[in-house]
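Asker: What follows is target21.cif, mmCIF, C-alpha atoms.
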```
data_my_file
loop_
_atom_site.label_atom_id
_atom_site.label_comp_id
_atom_site.auth_asym_id
_atom_site.auth_seq_id
_atom_site.Cartn_x
_atom_site.Cartn_y
_atom_site.Cartn_z
CA MET W 1 -9.78 19.83 5.97
CA ARG W 2 -9.65 16.43 7.64
CA ARG W 3 -6.76 15.63 9.96
CA VAL W 4 -5.16 12.26 10.45
CA LYS W 5 -5.49 11.18 14.08
CA ARG W 6 -3.82 7.79 13.83
CA SER W 7 -2.55 5.47 11.10
CA PHE W 8 -2.02 1.70 11.23
CA ASP W 9 -0.08 0.02 8.42
CA TYR W 10 -0.83 -3.49 7.25
CA LYS W 11 2.07 -5.92 7.51
CA PHE W 12 2.19 -9.21 5.63
CA ASP W 13 2.97 -12.35 7.57
CA ARG W 14 5.06 -15.25 6.28
CA ARG W 15 2.01 -17.30 5.28
CA THR W 16 0.59 -14.52 3.10
CA ILE W 17 3.94 -13.96 1.38
CA LEU W 18 4.31 -17.70 0.76
CA LEU W 19 0.78 -18.01 -0.67
CA THR W 20 1.34 -14.97 -2.90
CA VAL W 21 4.58 -16.37 -4.33
CA LEU W 22 2.98 -19.78 -4.81
CA ILE W 23 -0.03 -18.35 -6.67
CA LEU W 24 2.21 -16.19 -8.89
CA LEU W 25 4.37 -19.23 -9.70
CA LEU W 26 1.30 -21.33 -10.54
CA CYS W 27 -0.12 -18.62 -12.81
CA THR W 28 3.22 -18.23 -14.55
CA ALA W 29 3.64 -21.98 -14.96
CA GLY W 30 0.11 -22.29 -16.34
CA ALA W 31 0.70 -19.49 -18.84
CA VAL W 32 4.04 -20.98 -19.96
CA LEU W 33 2.56 -24.47 -20.30
CA LEU W 34 -0.40 -23.17 -22.25
CA TYR W 35 1.86 -21.15 -24.51
CA THR W 36 4.18 -24.08 -25.27
CA LEU W 37 1.55 -26.82 -25.55
CA TYR W 38 -1.22 -24.91 -27.30
CA THR W 39 0.30 -22.88 -30.09
CA GLY W 40 -1.91 -20.57 -32.05
CA GLY W 41 -5.56 -19.84 -31.58
CA PHE W 42 -7.32 -17.44 -29.34
CA PHE W 43 -7.50 -19.60 -26.21
CA SER W 44 -3.92 -19.05 -25.05
CA ALA W 45 -4.15 -15.28 -25.62
CA TRP W 46 -7.52 -15.19 -23.84
CA PHE W 47 -6.19 -17.16 -20.87
CA VAL W 48 -3.07 -15.00 -20.45
CA SER W 49 -5.14 -11.80 -20.75
CA PHE W 50 -7.66 -13.07 -18.22
CA VAL W 51 -4.98 -14.07 -15.70
CA LEU W 52 -3.15 -10.75 -16.08
CA ALA W 53 -6.39 -8.78 -15.63
CA LEU W 54 -7.28 -10.83 -12.55
CA ILE W 55 -3.83 -10.31 -11.03
CA ALA W 56 -4.03 -6.56 -11.75
CA LEU W 57 -7.47 -6.38 -10.09
CA MET W 58 -6.16 -8.21 -7.03
CA ILE W 59 -3.11 -5.96 -6.78
CA LEU W 60 -5.29 -2.83 -6.94
CA SER W 61 -7.37 -4.14 -4.03
CA ILE W 62 -4.51 -4.83 -1.59
CA PRO W 63 -5.22 -3.19 1.78
CA ARG W 64 -2.39 -0.80 2.75
CA ARG W 65 -3.37 1.01 5.95
CA ILE W 66 -6.14 1.90 8.36
CA VAL W 67 -6.39 5.64 8.97
CA LEU W 68 -8.46 7.34 11.64
CA LEU W 69 -9.40 10.85 10.59
CA ASP W 70 -11.42 13.41 12.57
CA ASN W 71 -14.69 11.47 12.34
CA THR W 72 -13.99 8.76 9.76
CA LEU W 73 -12.21 5.44 9.81
CA GLU W 74 -10.67 4.77 6.41
CA ILE W 75 -9.46 1.41 5.16
CA GLN W 76 -7.11 2.39 2.37
CA CYS W 77 -6.34 -0.06 -0.39
CA ILE W 78 -4.03 0.68 -3.31
CA PHE W 79 -6.89 1.94 -5.48
CA ASP W 80 -9.93 1.99 -3.19
CA ILE W 81 -10.85 3.62 0.10
CA THR W 82 -13.59 2.29 2.37
CA GLU W 83 -14.91 4.91 4.77
CA ILE W 84 -16.76 4.16 8.00
CA ASP W 85 -18.17 7.08 9.98
CA VAL W 86 -17.04 6.58 13.59
CA SER W 87 -20.42 7.79 14.87
CA GLU W 88 -22.00 4.82 13.04
CA ILE W 89 -19.76 2.23 14.69
CA ALA W 90 -21.90 0.31 17.16
CA ARG W 91 -19.20 -2.10 18.31
CA ILE W 92 -15.48 -2.56 17.79
CA ARG W 93 -13.57 -5.41 19.41
CA LYS W 94 -10.78 -7.92 18.97
CA VAL W 95 -11.85 -11.35 17.82
CA ARG W 96 -9.99 -14.62 17.62
CA THR W 97 -9.13 -16.20 14.31
CA ARG W 98 -11.36 -19.11 15.29
CA LYS W 99 -14.44 -16.86 14.86
CA LEU W 100 -13.70 -16.58 11.14
CA ARG W 101 -13.09 -20.27 10.44
CA TRP W 102 -16.59 -20.51 8.93
CA ALA W 103 -15.95 -17.62 6.51
CA MET W 104 -16.06 -18.76 2.89
CA LEU W 105 -14.72 -16.55 0.10
CA LEU W 106 -17.37 -15.18 -2.26
CA PHE W 107 -15.33 -12.59 -4.14
CA GLY W 108 -11.85 -11.32 -3.39
CA SER W 109 -8.63 -12.89 -2.27
CA ALA W 110 -7.86 -15.73 0.10
CA GLY W 111 -4.12 -15.30 0.47
CA PHE W 112 -2.96 -13.53 -2.70
CA PHE W 113 -1.44 -10.35 -1.24
CA GLY W 114 -3.74 -10.77 1.75
CA TYR W 115 -7.31 -11.68 2.56
CA TYR W 116 -9.83 -9.16 1.35
CA GLY W 117 -13.23 -9.00 -0.22
CA LYS W 118 -16.66 -10.40 0.50
CA TYR W 119 -16.93 -13.59 2.50
CA PHE W 120 -19.97 -15.59 3.55
CA ASP W 121 -20.12 -16.52 7.22
CA LEU W 122 -21.66 -20.01 7.29
CA LYS W 123 -22.26 -19.82 11.04
CA GLU W 124 -24.18 -16.51 11.01
CA PHE W 125 -25.53 -16.82 7.41
CA GLU W 126 -24.51 -13.34 6.38
CA VAL W 127 -22.05 -11.62 4.08
CA ILE W 128 -19.06 -10.03 5.80
CA THR W 129 -16.23 -7.87 4.53
CA ILE W 130 -12.60 -8.64 5.33
CA TYR W 131 -9.54 -6.42 4.84
CA ALA W 132 -6.56 -8.34 6.19
CA SER W 133 -2.91 -8.77 5.35
CA GLU W 134 -2.65 -11.81 7.62
CA TRP W 135 -5.12 -14.36 8.95
CA ASN W 136 -4.55 -13.17 12.50
CA ASN W 137 -5.01 -10.14 14.81
CA PHE W 138 -8.60 -9.48 13.74
CA VAL W 139 -10.71 -6.52 14.81
CA GLU W 140 -14.46 -6.72 14.24
CA ILE W 141 -16.23 -3.48 13.35
CA VAL W 142 -20.02 -3.61 13.49
CA ASP W 143 -21.92 -0.54 12.35
CA ILE W 144 -25.42 0.58 13.30
CA TYR W 145 -26.77 -1.27 10.25
CA ASP W 146 -25.37 -4.60 11.57
CA SER W 147 -22.79 -4.77 8.78
CA ARG W 148 -19.65 -6.57 9.92
CA THR W 149 -16.18 -5.62 8.71
CA TYR W 150 -13.02 -7.38 9.83
CA VAL W 151 -9.57 -5.84 9.62
CA SER W 152 -6.23 -7.23 10.70
CA CYS W 153 -4.13 -4.95 12.84
CA ARG W 154 -1.06 -5.93 14.85
CA ASP W 155 -1.74 -3.00 17.21
CA ALA W 156 -5.40 -3.88 17.68
CA ASP W 157 -5.69 -2.44 21.18
CA ALA W 158 -4.50 0.99 20.02
CA LEU W 159 -6.86 0.91 17.03
CA ILE W 160 -9.83 0.04 19.24
CA ALA W 161 -8.94 2.69 21.83
CA SER W 162 -8.45 5.37 19.15
CA VAL W 163 -11.79 4.62 17.48
CA ARG W 164 -13.64 4.58 20.79
CA GLU W 165 -12.10 7.93 21.78
CA ALA W 166 -13.01 9.46 18.44
CA ARG W 167 -16.54 8.03 18.61
CA ASP W 168 -17.13 9.21 22.16
CA GLY W 169 -15.81 12.70 21.36
CA LYS W 170 -12.81 12.66 23.68
CA ILE W 171 -10.46 13.92 20.98
CA GLU W 172 -10.58 17.64 20.27
CA ALA W 173 -10.96 18.68 16.64
#
```
As structure tokens, please, write out the structure in this file.
Answerer:
Amino acid sequence: MRRVKRSFDYKFDRRTILLTVLILLLCTAGAVLLYTLYTGGFFSAWFVSFVLALIALMILSIPRRIVLLDNTLEIQCIFDITEIDVSEIARIRKVRTRKLRWAMLLFGSAGFFGYYGKYFDLKEFEVITIYASEWNNFVEIVDIYDSRTYVSCRDADALIASVREARDGKIEA
């Protein structure tokens, strides 16, 4: 049985909450306008169904917490869990927000309940993964396969120290 060593909860900042409310209001306004202006037909029903499915998909992908288990770092979303074996982590460090200014969203969210999904880094020309509830306090995790994952964590120093201790075997099982 795997034991939880440390857990770090995601916390939304004011900007993320504001963007989420704004996007929900725009989707609602679009659905209401479409319903009132375009009566009948399949287009309004298709649009509303598409928007509701997209919102449901986004909600299921919201990152909730980062959990360090015995030998695994888990990024837990509402419906999905991403596992990274701590022995495969080549580098973990804090990075400034400025490093991610060249990240362009490919698939995921850019402010709707957070920033998560696949992004393309125009500076490095590679696909990166981001799990963040705010566009701040980033920790870069690079595995032995040179795959980069970014998480936001307000207690970044503790996360980095915990992962390094677990990776280097300083924590007893």
Asker: Skip Leu68 in chain W itself and residues of its chain fewer than 4 positions away, then list as a list in words all residues within 8 Å of it, counting all atoms listed in the file.
Answerer: Val4, Lys5, Arg6, Ser7, Thr72, Leu73, Glu74, Ser162 and Val163 of chain W
Asker: Just to confirm, what's the straight-line distance from CA of Leu69 in chain W to CA of Tyr119 in chain W in Å (one decimal)?
Answerer: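 These atoms are spaced 26.8 Å apart.
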Asker: Could you list the residues chosen by the PyMOL selection byres ((chain W and resi 156) around 8) in this structure as a ChimeraX atom specification?
Answerer: /W:94,137-139,152-155,157-160
Asker: Applied to this file, what does the PyMOL selection byres ((chain W and resi 168) around 12) return in terms of residues, put as a ChimeraX atom specification?
Answerer: /W:70-71,86-90,161-167,169-172
Asker: What residues come out when you apply the PyMOL selection byres ((chain W and resi 9) around 8) to this file, written as a list in words?
Answerer: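 The output of the PyMOL selection byres ((chain W and resi 9) around 8) on this file is Ser7, Phe8, Tyr10, Lys11, Arg64, Arg65, Ile66 and Cys153 of chain W.
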Asker: Select, from W:Thr149, W:Ser133, W:Ser61, W:Thr36, the residue with the minimum atom-to-atom distance to Leu100 in chain W, counting all atoms listed in the file.
Answerer: W:Thr149
Asker: Got a sec: who's within 12 Å of range 31-35 of chain W, counting all atoms listed in the file, leaving out chain neighbours fewer than 3 positions off, as a list in words?
Answerer: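 The contact residues come out as Leu24, Leu25, Leu26, Cys27, Thr28, Tyr38, Thr39, Gly40, Gly41, Phe42, Phe43, Ser44, Ala45, Trp46, Phe47, Val48, Ser49, Phe50, Val51 and Leu52 of chain W.
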Asker: Keeping only C-alpha atoms, write the selected residues as an mmCIF file, in the coordinates of the input.
Answerer:
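Done, and the output landed in selection.cif:
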```cif
data_model
loop_
_atom_site.group_PDB
_atom_site.id
_atom_site.type_symbol
_atom_site.label_atom_id
_atom_site.label_comp_id
_atom_site.auth_asym_id
_atom_site.auth_seq_id
_atom_site.Cartn_x
_atom_site.Cartn_y
_atom_site.Cartn_z
ATOM 1 C CA LEU W 24 2.210 -16.190 -8.890
ATOM 2 C CA LEU W 25 4.370 -19.230 -9.700
ATOM 3 C CA LEU W 26 1.300 -21.330 -10.540
ATOM 4 C CA CYS W 27 -0.120 -18.620 -12.810
ATOM 5 C CA THR W 28 3.220 -18.230 -14.550
ATOM 6 C CA TYR W 38 -1.220 -24.910 -27.300
ATOM 7 C CA THR W 39 0.300 -22.880 -30.090
ATOM 8 C CA GLY W 40 -1.910 -20.570 -32.050
ATOM 9 C CA GLY W 41 -5.560 -19.840 -31.580
ATOM 10 C CA PHE W 42 -7.320 -17.440 -29.340
ATOM 11 C CA PHE W 43 -7.500 -19.600 -26.210
ATOM 12 C CA SER W 44 -3.920 -19.050 -25.050
ATOM 13 C CA ALA W 45 -4.150 -15.280 -25.620
ATOM 14 C CA TRP W 46 -7.520 -15.190 -23.840
ATOM 15 C CA PHE W 47 -6.190 -17.160 -20.870
ATOM 16 C CA VAL W 48 -3.070 -15.000 -20.450
ATOM 17 C CA SER W 49 -5.140 -11.800 -20.750
ATOM 18 C CA PHE W 50 -7.660 -13.070 -18.220
ATOM 19 C CA VAL W 51 -4.980 -14.070 -15.700
ATOM 20 C CA LEU W 52 -3.150 -10.750 -16.080
#
```
Asker: Just checking: using all atoms listed in the file, which residue out of W:Arg2, W:Arg91, W:Phe112, W:Thr97 ends up closest to Ala56 in chain W?
Answerer: W:Phe112
Asker: Please, what distance in Å, to one decimal, runs between CA of Phe113 in chain W and CA of Leu37 in chain W?
Answerer: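 CA of Leu37 in chain W lies 29.5 Å from CA of Phe113 in chain W.
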Asker: Once you add 4 Å to each side, what are the centre and edge lengths of the axis-aligned box holding all listed atoms of range 68-76 of chain W? One decimal in Å, as lines of an AutoDock Vina configuration file, if you can.
Answerer:
```
center_x = -10.9
center_y = 7.4
center_z = 7.5
size_x = 15.6
size_y = 20.0
size_z = 18.2
```
Asker: W:Ile92, W:Ile128, W:Leu122, W:Val67: which is nearest Ile141 in chain W, counting only C-alpha atoms?
Answerer: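 Of all the options, W:Ile92 lies closest to Ile141 in chain W.
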Asker: To one decimal place in Å, what is the distance between CA of Val151 in chain W and CA of Arg93 in chain W?
Answerer: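 Between CA of Val151 in chain W and CA of Arg93 in chain W the gap works out to 10.6 Å.
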Asker: Write out as an MDAnalysis selection string the residues lying within 10 Å of Ile59 in chain W, counting all atoms listed in the file and excluding same-chain residues fewer than 3 positions away.
Answerer: chainID W and resid 53:56 62:63 77:79 109 112:114
Asker: So which one's closest to Lys99 in chain W, W:Thr16, W:Leu60, W:Glu124, W:Asp143? Using only C-alpha atoms, please.
Answerer: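 So, comparing all the options, the nearest one is W:Glu124.
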Asker: Between W:Val95, W:Ile75, W:Ile144, W:Leu19, which residue has the minimum interatomic distance to Gly111 in chain W, considering all atoms listed in the file?
Answerer: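 For Gly111 in chain W, the nearest of the given residues is W:Leu19.
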Asker: Kindly indicate which residue among W:Trp102, W:Tyr145, W:Phe12, W:Tyr115 lies nearest to Ala132 in chain W, using only C-alpha atoms for the distances.
Answerer: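 Among the listed residues, the smallest separation from Ala132 in chain W belongs to W:Tyr115.
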